[in-house]
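Listing of upload24.cif; format and content: mmCIF, C-alpha atoms; chains and numbers go by the auth columns.
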```cif
data_structure
loop_
_atom_site.group_PDB
_atom_site.id
_atom_site.type_symbol
_atom_site.label_atom_id
_atom_site.label_comp_id
_atom_site.label_asym_id
_atom_site.label_seq_id
_atom_site.Cartn_x
_atom_site.Cartn_y
_atom_site.Cartn_z
_atom_site.B_iso_or_equiv
_atom_site.auth_seq_id
_atom_site.auth_asym_id
ATOM 1 C CA MET A 1 0.000 0.000 0.000 0.00 9 Q
ATOM 2 C CA THR A 2 1.221 3.450 -0.857 0.00 10 Q
ATOM 3 C CA PRO A 3 0.143 6.671 0.887 0.00 11 Q
ATOM 4 C CA ASP A 4 -2.354 7.359 -1.903 0.00 12 Q
ATOM 5 C CA GLY A 5 -3.911 3.914 -1.395 0.00 13 Q
ATOM 6 C CA ASP A 6 -6.374 2.956 1.278 0.00 14 Q
ATOM 7 C CA PHE A 7 -6.927 0.510 4.092 0.00 15 Q
ATOM 8 C CA ALA A 8 -9.320 -1.687 2.130 0.00 16 Q
ATOM 9 C CA PRO A 9 -8.129 -5.028 0.671 0.00 17 Q
ATOM 10 C CA TYR A 10 -5.382 -4.532 -1.858 0.00 18 Q
ATOM 11 C CA ASP A 11 -6.195 -4.331 -5.557 0.00 19 Q
ATOM 12 C CA GLU A 12 -5.024 -6.852 -8.159 0.00 20 Q
ATOM 13 C CA GLU A 13 -1.796 -5.019 -8.966 0.00 21 Q
ATOM 14 C CA GLU A 14 -0.832 -4.639 -5.320 0.00 22 Q
ATOM 15 C CA THR A 15 -1.729 -8.264 -4.613 0.00 23 Q
ATOM 16 C CA ALA A 16 0.435 -9.418 -7.516 0.00 24 Q
ATOM 17 C CA ALA A 17 3.345 -7.396 -6.136 0.00 25 Q
ATOM 18 C CA GLN A 18 3.025 -9.002 -2.709 0.00 26 Q
ATOM 19 C CA LEU A 19 2.686 -12.493 -4.169 0.00 27 Q
ATOM 20 C CA GLY A 20 5.858 -11.941 -6.164 0.00 28 Q
ATOM 21 C CA GLY A 21 7.677 -10.928 -3.005 0.00 29 Q
ATOM 22 C CA ILE A 22 6.441 -13.986 -1.130 0.00 30 Q
ATOM 23 C CA ALA A 23 7.512 -16.267 -3.979 0.00 31 Q
ATOM 24 C CA GLY A 24 11.086 -15.068 -3.553 0.00 32 Q
ATOM 25 C CA TYR A 25 11.221 -16.840 -0.183 0.00 33 Q
ATOM 26 C CA LEU A 26 9.787 -20.149 -1.370 0.00 34 Q
ATOM 27 C CA GLU A 27 11.391 -23.228 -2.847 0.00 35 Q
ATOM 28 C CA PRO A 28 9.228 -25.824 -4.644 0.00 36 Q
ATOM 29 C CA GLY A 29 7.013 -27.485 -2.087 0.00 37 Q
ATOM 30 C CA GLY A 30 7.397 -24.583 0.322 0.00 38 Q
ATOM 31 C CA ARG A 31 4.966 -24.018 3.168 0.00 39 Q
ATOM 32 C CA VAL A 32 3.207 -20.785 4.141 0.00 40 Q
ATOM 33 C CA ALA A 33 1.030 -19.805 7.091 0.00 41 Q
ATOM 34 C CA ASP A 34 -1.382 -17.070 5.980 0.00 42 Q
ATOM 35 C CA LEU A 35 -2.690 -15.428 9.154 0.00 43 Q
ATOM 36 C CA GLY A 36 -5.922 -13.496 8.697 0.00 44 Q
ATOM 37 C CA ALA A 37 -6.606 -15.236 5.381 0.00 45 Q
ATOM 38 C CA GLY A 38 -10.012 -13.622 4.824 0.00 46 Q
ATOM 39 C CA ARG A 39 -11.232 -14.307 1.291 0.00 47 Q
ATOM 40 C CA GLY A 40 -8.057 -16.069 0.209 0.00 48 Q
ATOM 41 C CA ARG A 41 -6.412 -13.092 -1.513 0.00 49 Q
ATOM 42 C CA ILE A 42 -2.969 -14.490 -0.708 0.00 50 Q
ATOM 43 C CA ALA A 43 -3.678 -18.142 0.126 0.00 51 Q
ATOM 44 C CA ARG A 44 -5.480 -19.126 -3.044 0.00 52 Q
ATOM 45 C CA PRO A 45 -2.974 -17.982 -5.699 0.00 53 Q
ATOM 46 C CA LEU A 46 -0.111 -19.409 -3.644 0.00 54 Q
ATOM 47 C CA ALA A 47 -1.853 -22.777 -3.438 0.00 55 Q
ATOM 48 C CA LEU A 48 -2.691 -22.737 -7.146 0.00 56 Q
ATOM 49 C CA GLY A 49 1.025 -22.205 -7.755 0.00 57 Q
ATOM 50 C CA GLY A 50 1.951 -25.346 -5.834 0.00 58 Q
ATOM 51 C CA THR A 51 2.635 -23.941 -2.360 0.00 59 Q
ATOM 52 C CA MET A 52 1.185 -25.712 0.673 0.00 60 Q
ATOM 53 C CA VAL A 53 -0.791 -23.056 2.581 0.00 61 Q
ATOM 54 C CA VAL A 54 -2.250 -23.151 6.067 0.00 62 Q
ATOM 55 C CA ALA A 55 -4.926 -20.457 5.943 0.00 63 Q
ATOM 56 C CA VAL A 56 -5.966 -19.156 9.366 0.00 64 Q
ATOM 57 C CA ASP A 57 -8.866 -16.876 10.202 0.00 65 Q
ATOM 58 C CA SER A 58 -11.452 -16.743 12.961 0.00 66 Q
ATOM 59 C CA SER A 59 -14.240 -15.750 10.561 0.00 67 Q
ATOM 60 C CA ILE A 60 -14.026 -16.879 6.953 0.00 68 Q
ATOM 61 C CA PRO A 61 -16.658 -14.999 4.899 0.00 69 Q
ATOM 62 C CA GLY A 62 -19.694 -17.081 3.985 0.00 70 Q
ATOM 63 C CA ASP A 63 -21.361 -17.835 0.625 0.00 71 Q
ATOM 64 C CA GLY A 64 -18.996 -17.444 -2.331 0.00 72 Q
ATOM 65 C CA GLY A 65 -16.335 -15.930 -0.137 0.00 73 Q
ATOM 66 C CA ARG A 66 -15.210 -19.298 1.196 0.00 74 Q
ATOM 67 C CA ARG A 67 -15.250 -21.512 -1.906 0.00 75 Q
ATOM 68 C CA TRP A 68 -11.485 -21.146 -2.152 0.00 76 Q
ATOM 69 C CA CYS A 69 -11.069 -23.012 1.145 0.00 77 Q
ATOM 70 C CA ALA A 70 -11.545 -26.359 -0.639 0.00 78 Q
ATOM 71 C CA ASP A 71 -8.770 -25.716 -3.153 0.00 79 Q
ATOM 72 C CA PRO A 72 -6.008 -28.362 -3.228 0.00 80 Q
ATOM 73 C CA GLY A 73 -3.001 -27.272 -1.226 0.00 81 Q
ATOM 74 C CA ILE A 74 -4.999 -25.291 1.358 0.00 82 Q
ATOM 75 C CA GLN A 75 -5.505 -26.399 4.938 0.00 83 Q
ATOM 76 C CA LEU A 76 -8.086 -24.162 6.561 0.00 84 Q
ATOM 77 C CA ILE A 77 -7.937 -23.563 10.316 0.00 85 Q
ATOM 78 C CA GLU A 78 -10.749 -21.409 11.696 0.00 86 Q
ATOM 79 C CA GLU A 79 -9.468 -19.870 14.913 0.00 87 Q
ATOM 80 C CA ASP A 80 -8.036 -16.759 16.483 0.00 88 Q
ATOM 81 C CA PHE A 81 -4.457 -16.999 15.249 0.00 89 Q
ATOM 82 C CA LEU A 82 -3.237 -15.229 18.403 0.00 90 Q
ATOM 83 C CA GLY A 83 -5.137 -17.557 20.742 0.00 91 Q
ATOM 84 C CA PRO A 84 -3.640 -19.308 23.796 0.00 92 Q
ATOM 85 C CA ASP A 85 -3.087 -22.674 22.070 0.00 93 Q
ATOM 86 C CA PRO A 86 -3.316 -22.043 18.314 0.00 94 Q
ATOM 87 C CA ALA A 87 -3.680 -25.135 16.170 0.00 95 Q
ATOM 88 C CA TRP A 88 -1.933 -23.490 13.230 0.00 96 Q
ATOM 89 C CA LEU A 89 1.322 -23.501 15.147 0.00 97 Q
ATOM 90 C CA GLY A 90 1.291 -27.292 15.203 0.00 98 Q
ATOM 91 C CA ALA A 91 0.944 -27.396 11.425 0.00 99 Q
ATOM 92 C CA GLY A 92 4.460 -25.959 10.989 0.00 100 Q
ATOM 93 C CA PRO A 93 7.283 -25.473 10.501 0.00 101 Q
ATOM 94 C CA PHE A 94 6.792 -22.917 7.750 0.00 102 Q
ATOM 95 C CA ASP A 95 9.113 -21.211 5.316 0.00 103 Q
ATOM 96 C CA VAL A 96 6.973 -18.066 5.424 0.00 104 Q
ATOM 97 C CA VAL A 97 4.496 -16.692 7.923 0.00 105 Q
ATOM 98 C CA CYS A 98 2.548 -13.767 6.494 0.00 106 Q
ATOM 99 C CA CYS A 99 0.020 -11.446 8.074 0.00 107 Q
ATOM 100 C CA LEU A 100 -1.179 -9.151 5.308 0.00 108 Q
ATOM 101 C CA GLY A 101 -4.170 -7.058 4.269 0.00 109 Q
ATOM 102 C CA ASN A 102 -3.426 -4.399 6.906 0.00 110 Q
ATOM 103 C CA THR A 103 -4.388 -6.873 9.633 0.00 111 Q
ATOM 104 C CA ILE A 104 -1.846 -5.549 12.112 0.00 112 Q
ATOM 105 C CA ASN A 105 -3.417 -2.091 11.908 0.00 113 Q
ATOM 106 C CA LEU A 106 -6.341 -3.600 13.820 0.00 114 Q
ATOM 107 C CA PHE A 107 -4.001 -4.163 16.792 0.00 115 Q
ATOM 108 C CA LEU A 108 -4.304 -1.040 18.902 0.00 116 Q
ATOM 109 C CA GLU A 109 -1.909 -2.127 21.686 0.00 117 Q
ATOM 110 C CA ASP A 110 1.550 -3.688 21.839 0.00 118 Q
ATOM 111 C CA ALA A 111 0.396 -7.022 23.285 0.00 119 Q
ATOM 112 C CA PRO A 112 -1.279 -8.621 20.236 0.00 120 Q
ATOM 113 C CA LEU A 113 1.489 -7.505 17.903 0.00 121 Q
ATOM 114 C CA GLU A 114 4.163 -8.861 20.219 0.00 122 Q
ATOM 115 C CA ARG A 115 2.161 -12.098 20.398 0.00 123 Q
ATOM 116 C CA LEU A 116 2.296 -12.304 16.602 0.00 124 Q
ATOM 117 C CA PHE A 117 6.088 -11.986 16.622 0.00 125 Q
ATOM 118 C CA GLU A 118 6.335 -14.592 19.386 0.00 126 Q
ATOM 119 C CA LEU A 119 4.180 -17.189 17.614 0.00 127 Q
ATOM 120 C CA ALA A 120 5.785 -16.594 14.232 0.00 128 Q
ATOM 121 C CA SER A 121 9.237 -17.106 15.760 0.00 129 Q
ATOM 122 C CA ARG A 122 8.094 -20.532 16.958 0.00 130 Q
ATOM 123 C CA ALA A 123 6.446 -21.396 13.644 0.00 131 Q
ATOM 124 C CA VAL A 124 9.229 -20.821 11.120 0.00 132 Q
ATOM 125 C CA GLY A 125 11.965 -23.249 10.281 0.00 133 Q
ATOM 126 C CA GLU A 126 15.605 -22.416 9.646 0.00 134 Q
ATOM 127 C CA GLY A 127 15.799 -19.447 7.289 0.00 135 Q
ATOM 128 C CA GLY A 128 12.099 -18.699 7.653 0.00 136 Q
ATOM 129 C CA VAL A 129 10.666 -15.187 7.468 0.00 137 Q
ATOM 130 C CA LEU A 130 7.690 -13.179 8.669 0.00 138 Q
ATOM 131 C CA LEU A 131 6.133 -10.844 6.103 0.00 139 Q
ATOM 132 C CA LEU A 132 3.956 -7.834 6.922 0.00 140 Q
ATOM 133 C CA ASP A 133 2.472 -5.040 4.826 0.00 141 Q
ATOM 134 C CA ASP A 134 4.770 -2.046 4.438 0.00 142 Q
ATOM 135 C CA VAL A 135 2.317 0.638 5.604 0.00 143 Q
ATOM 136 C CA ALA A 136 4.626 1.311 8.591 0.00 144 Q
ATOM 137 C CA CYS A 137 7.255 2.523 6.125 0.00 145 Q
ATOM 138 C CA TRP A 138 4.926 5.296 4.951 0.00 146 Q
ATOM 139 C CA CYS A 139 4.341 6.944 8.329 0.00 147 Q
ATOM 140 C CA ASP A 140 5.940 10.245 7.343 0.00 148 Q
ATOM 141 C CA GLU A 141 3.778 10.530 4.228 0.00 149 Q
ATOM 142 C CA LEU A 142 0.580 9.631 6.073 0.00 150 Q
ATOM 143 C CA LEU A 143 1.326 12.305 8.675 0.00 151 Q
ATOM 144 C CA ASP A 144 2.524 14.934 6.183 0.00 152 Q
ATOM 145 C CA PRO A 145 0.253 18.012 6.481 0.00 153 Q
ATOM 146 C CA GLY A 146 1.086 18.874 2.886 0.00 154 Q
ATOM 147 C CA GLU A 147 -0.461 15.602 1.727 0.00 155 Q
ATOM 148 C CA TRP A 148 -3.104 15.345 4.454 0.00 156 Q
ATOM 149 C CA PRO A 149 -4.069 18.884 5.573 0.00 157 Q
ATOM 150 C CA ASN A 150 -6.303 18.564 8.633 0.00 158 Q
ATOM 151 C CA GLY A 151 -6.361 14.822 8.019 0.00 159 Q
ATOM 152 C CA ILE A 152 -7.943 15.029 4.561 0.00 160 Q
ATOM 153 C CA HIS A 153 -5.909 13.938 1.574 0.00 161 Q
ATOM 154 C CA ARG A 154 -5.183 16.763 -0.869 0.00 162 Q
ATOM 155 C CA SER A 155 -7.409 14.972 -3.421 0.00 163 Q
ATOM 156 C CA GLY A 156 -10.344 15.325 -1.029 0.00 164 Q
ATOM 157 C CA THR A 157 -11.257 11.665 -1.461 0.00 165 Q
ATOM 158 C CA GLN A 158 -9.739 10.186 1.718 0.00 166 Q
ATOM 159 C CA GLN A 159 -9.628 11.178 5.371 0.00 167 Q
ATOM 160 C CA LEU A 160 -7.738 10.013 8.440 0.00 168 Q
ATOM 161 C CA ALA A 161 -9.707 11.014 11.549 0.00 169 Q
ATOM 162 C CA TRP A 162 -7.243 10.826 14.437 0.00 170 Q
ATOM 163 C CA VAL A 163 -7.806 10.013 18.086 0.00 171 Q
ATOM 164 C CA PRO A 164 -6.271 12.981 19.960 0.00 172 Q
ATOM 165 C CA ASP A 165 -2.649 12.410 21.034 0.00 173 Q
ATOM 166 C CA ALA A 166 -2.558 8.835 19.749 0.00 174 Q
ATOM 167 C CA PRO A 167 -1.408 7.082 16.540 0.00 175 Q
ATOM 168 C CA ILE A 168 -4.945 5.717 16.144 0.00 176 Q
ATOM 169 C CA PHE A 169 -7.420 6.753 13.476 0.00 177 Q
ATOM 170 C CA SER A 170 -10.492 5.840 11.482 0.00 178 Q
ATOM 171 C CA TYR A 171 -10.294 5.772 7.709 0.00 179 Q
ATOM 172 C CA ARG A 172 -12.908 7.467 5.540 0.00 180 Q
ATOM 173 C CA ARG A 173 -13.268 7.554 1.787 0.00 181 Q
ATOM 174 C CA GLY A 174 -15.572 9.114 -0.779 0.00 182 Q
ATOM 175 C CA THR A 175 -18.808 10.354 0.727 0.00 183 Q
ATOM 176 C CA GLU A 176 -17.586 9.394 4.213 0.00 184 Q
ATOM 177 C CA VAL A 177 -15.113 12.314 4.175 0.00 185 Q
ATOM 178 C CA ASP A 178 -16.327 14.937 6.624 0.00 186 Q
ATOM 179 C CA PRO A 179 -14.232 18.115 7.072 0.00 187 Q
ATOM 180 C CA GLY A 180 -16.331 19.048 10.104 0.00 188 Q
ATOM 181 C CA SER A 181 -15.475 15.834 11.971 0.00 189 Q
ATOM 182 C CA ARG A 182 -11.779 15.329 12.632 0.00 190 Q
ATOM 183 C CA VAL A 183 -11.992 12.611 15.308 0.00 191 Q
ATOM 184 C CA PRO A 184 -13.469 9.094 14.957 0.00 192 Q
ATOM 185 C CA GLY A 185 -17.113 8.570 15.775 0.00 193 Q
ATOM 186 C CA PRO A 186 -18.208 5.819 18.184 0.00 194 Q
ATOM 187 C CA GLU A 187 -19.338 3.558 15.329 0.00 195 Q
ATOM 188 C CA GLU A 188 -16.130 3.796 13.291 0.00 196 Q
ATOM 189 C CA ARG A 189 -13.498 1.069 13.173 0.00 197 Q
ATOM 190 C CA LEU A 190 -10.233 2.155 14.734 0.00 198 Q
ATOM 191 C CA LEU A 191 -6.834 1.426 13.221 0.00 199 Q
ATOM 192 C CA ARG A 192 -3.331 2.020 14.504 0.00 200 Q
ATOM 193 C CA LEU A 193 -0.491 3.452 12.473 0.00 201 Q
ATOM 194 C CA TRP A 194 2.546 1.441 13.561 0.00 202 Q
ATOM 195 C CA SER A 195 5.977 2.827 12.735 0.00 203 Q
ATOM 196 C CA ALA A 196 8.887 0.716 11.529 0.00 204 Q
ATOM 197 C CA PRO A 197 10.908 1.392 14.741 0.00 205 Q
ATOM 198 C CA GLU A 198 7.944 0.216 16.836 0.00 206 Q
ATOM 199 C CA LEU A 199 7.706 -2.998 14.833 0.00 207 Q
ATOM 200 C CA ASP A 200 11.457 -3.579 15.014 0.00 208 Q
ATOM 201 C CA ARG A 201 11.424 -3.122 18.787 0.00 209 Q
ATOM 202 C CA LEU A 202 8.692 -5.699 19.341 0.00 210 Q
ATOM 203 C CA ALA A 203 10.184 -8.084 16.786 0.00 211 Q
ATOM 204 C CA GLY A 204 13.581 -7.924 18.482 0.00 212 Q
ATOM 205 C CA LEU A 205 12.063 -9.237 21.708 0.00 213 Q
ATOM 206 C CA HIS A 206 11.532 -12.566 19.937 0.00 214 Q
ATOM 207 C CA GLY A 207 14.719 -12.991 17.961 0.00 215 Q
ATOM 208 C CA TRP A 208 13.799 -11.274 14.708 0.00 216 Q
ATOM 209 C CA THR A 209 16.294 -9.062 12.923 0.00 217 Q
ATOM 210 C CA PRO A 210 15.292 -5.461 12.081 0.00 218 Q
ATOM 211 C CA SER A 211 12.936 -5.297 9.131 0.00 219 Q
ATOM 212 C CA ARG A 212 13.890 -4.875 5.507 0.00 220 Q
ATOM 213 C CA HIS A 213 11.573 -2.904 3.254 0.00 221 Q
ATOM 214 C CA LEU A 214 10.820 -4.491 -0.112 0.00 222 Q
ATOM 215 C CA GLU A 215 9.245 -1.359 -1.577 0.00 223 Q
ATOM 216 C CA ASP A 216 8.338 -2.853 -4.963 0.00 224 Q
ATOM 217 C CA ASP A 217 6.695 -5.827 -3.246 0.00 225 Q
ATOM 218 C CA LEU A 218 4.853 -3.726 -0.617 0.00 226 Q
ATOM 219 C CA LEU A 219 6.334 -5.904 2.123 0.00 227 Q
ATOM 220 C CA MET A 220 8.348 -5.683 5.316 0.00 228 Q
ATOM 221 C CA VAL A 221 10.557 -8.720 5.916 0.00 229 Q
ATOM 222 C CA PHE A 222 11.603 -9.991 9.335 0.00 230 Q
ATOM 223 C CA SER A 223 14.199 -12.759 9.535 0.00 231 Q
ATOM 224 C CA ARG A 224 15.246 -14.877 12.455 0.00 232 Q
ATOM 225 C CA GLY A 225 18.502 -13.701 14.051 0.00 233 Q
ATOM 226 C CA SER A 226 21.460 -16.019 14.080 0.00 234 Q
#
```

As structure tokens, how would this structure be written, given the file I've shared?
Amino acid sequence: MTPDGDFAPYDEEETAAQLGGIAGYLEPGGRVADLGAGRGRIARPLALGGTMVVAVDSSIPGDGGRRWCADPGIQLIEEDFLGPDPAWLGAGPFDVVCCLGNTINLFLEDAPLERLFELASRAVGEGGVLLLDDVACWCDELLDPGEWPNGIHRSGTQQLAWVPDAPIFSYRRGTEVDPGSRVPGPEERLLRLWSAPELDRLAGLHGWTPSRHLEDDLLMVFSRGS
């Protein structure tokens, strides 16, 4: 995701970029844990390409949204992937653990994000990696008053309504943009803008090296320290 993008699921071009980045960490027969799999944006094309995927989500969308779950190469586990005794962990080891689709922006406190780094460190094999979206690398642009005066993008089509004195916001687009309302309403979903240093700090507690930004692939890469 770039600063001019949004916090909705990634489009086809962005998805293709992330899939290409993931492929760079996979040998034939590689194994991936896709945490927060949703509608299979990442899991399905990986599985169709021959990767064994454990897709984990506590609420897979119904009707046509879950047909992909029966695809060959996909093992679906419906659970909270941060739970106290997650079944997906026992399905490892994995070459890649990924948590994409801006899922980590739903974590408003340190604890769930640190839990993600902890579990992923236990799930990967030698040389394994954890991949996250690169939105944390765009903090300066998302906070730039030249791009986002009063929280509204200069195009007028997007708005970040910030919780006072916190890196937490609601995202508005199109007709939702409201110049007269600069803080989230009680019904709006809250998201947290994590910075790269914050992620690196929590990752380091569980043996991960500082992140690398794969800008073209829209990914942040964490590797296990030696």

Residue neighbourhood Gly29 of chain Q, 9 Å, all atoms listed in the file, exclusion window fewer than 5 positions, as JSON, numbers by chain: {"Q": [24, 222, 224, 225, 226, 227]}

Export of the given selection (C-alpha atoms) as an mmCIF file, in the coordinates of the input:
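Done, and the output landed in part_10.cif:
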```
data_model
loop_
_atom_site.group_PDB
_atom_site.id
_atom_site.type_symbol
_atom_site.label_atom_id
_atom_site.label_comp_id
_atom_site.auth_asym_id
_atom_site.auth_seq_id
_atom_site.Cartn_x
_atom_site.Cartn_y
_atom_site.Cartn_z
ATOM 1 C CA ALA Q 24 0.435 -9.418 -7.516
ATOM 2 C CA LEU Q 222 10.820 -4.491 -0.112
ATOM 3 C CA ASP Q 224 8.338 -2.853 -4.963
ATOM 4 C CA ASP Q 225 6.695 -5.827 -3.246
ATOM 5 C CA LEU Q 226 4.853 -3.726 -0.617
ATOM 6 C CA LEU Q 227 6.334 -5.904 2.123
#
```

How close does each residue of segment 53-91 of chain Q get to segment 121-136 of chain Q, giving the shortest atom pair and distance in Å to one decimal for every residue with an atom at most 10 Å away, counting all atoms listed in the file, sorted by chain and residue number, as JSON lines?
```
{"residue": "Q:Phe89", "atom": "CA", "partner": "Q:Leu124", "partner_atom": "CA", "distance": 8.3}
{"residue": "Q:Leu90", "atom": "CA", "partner": "Q:Leu124", "partner_atom": "CA", "distance": 6.5}
{"residue": "Q:Gly91", "atom": "CA", "partner": "Q:Arg123", "partner_atom": "CA", "distance": 9.1}
```

Using all atoms listed in the file, which residues sit within 12 Å of Ser203 of chain Q once same-chain residues fewer than 5 positions away are excluded, as an mmCIF file with C-alpha atoms, in the coordinates of the input?
```cif
data_model
loop_
_atom_site.group_PDB
_atom_site.id
_atom_site.type_symbol
_atom_site.label_atom_id
_atom_site.label_comp_id
_atom_site.auth_asym_id
_atom_site.auth_seq_id
_atom_site.Cartn_x
_atom_site.Cartn_y
_atom_site.Cartn_z
ATOM 1 C CA ILE Q 112 -1.846 -5.549 12.112
ATOM 2 C CA ASN Q 113 -3.417 -2.091 11.908
ATOM 3 C CA ASP Q 141 2.472 -5.040 4.826
ATOM 4 C CA ASP Q 142 4.770 -2.046 4.438
ATOM 5 C CA VAL Q 143 2.317 0.638 5.604
ATOM 6 C CA ALA Q 144 4.626 1.311 8.591
ATOM 7 C CA CYS Q 145 7.255 2.523 6.125
ATOM 8 C CA TRP Q 146 4.926 5.296 4.951
ATOM 9 C CA CYS Q 147 4.341 6.944 8.329
ATOM 10 C CA ASP Q 148 5.940 10.245 7.343
ATOM 11 C CA GLU Q 149 3.778 10.530 4.228
ATOM 12 C CA LEU Q 150 0.580 9.631 6.073
ATOM 13 C CA LEU Q 151 1.326 12.305 8.675
ATOM 14 C CA PRO Q 175 -1.408 7.082 16.540
ATOM 15 C CA ILE Q 176 -4.945 5.717 16.144
ATOM 16 C CA ASP Q 208 11.457 -3.579 15.014
ATOM 17 C CA ARG Q 209 11.424 -3.122 18.787
ATOM 18 C CA LEU Q 210 8.692 -5.699 19.341
ATOM 19 C CA SER Q 219 12.936 -5.297 9.131
ATOM 20 C CA MET Q 228 8.348 -5.683 5.316
#
```

Atom-to-atom span, atom CA of Ile30 of chain Q and atom CA of Cys106 of chain Q, Å: 8.6 Å

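Counting only C-alpha atoms, Arg52 of chain Q has the following residues at most 10 Å away, ignoring those fewer than 4 positions along the same chain: Ala45, Arg47, Gly48, Leu56, Gly57, Thr59, Val61, Ala63, Trp76, Cys77, Ala78, Asp79, Pro80, Gly81 and Ile82 of chain Q.
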
Atom pair atom CA of Gly164 of chain Q / atom CA of Arg49 of chain Q: separation (Å):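 Those two atoms sit 28.7 Å apart.
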
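Take atom CA of Ser189 of chain Q and atom CA of Ala204 of chain Q: the distance between them is 28.7 Å.
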
Selection result for the PyMOL selection byres ((chain Q and resi 197) around 9) on this file, as a count of residues only: 11

Selected residue, from Q:Thr165, Q:Ser67, Q:Gln26, Q:Asn110, that lies nearest to Ile50 of chain Q when counting only C-alpha atoms: Q:Gln26

Exercise: Asn158 of chain Q partners within 10 Å, only C-alpha atoms, chain neighbours under 3 positions left out, as a PyMOL selection string: chain Q and resi 151-155+161-162+167-170+187+190
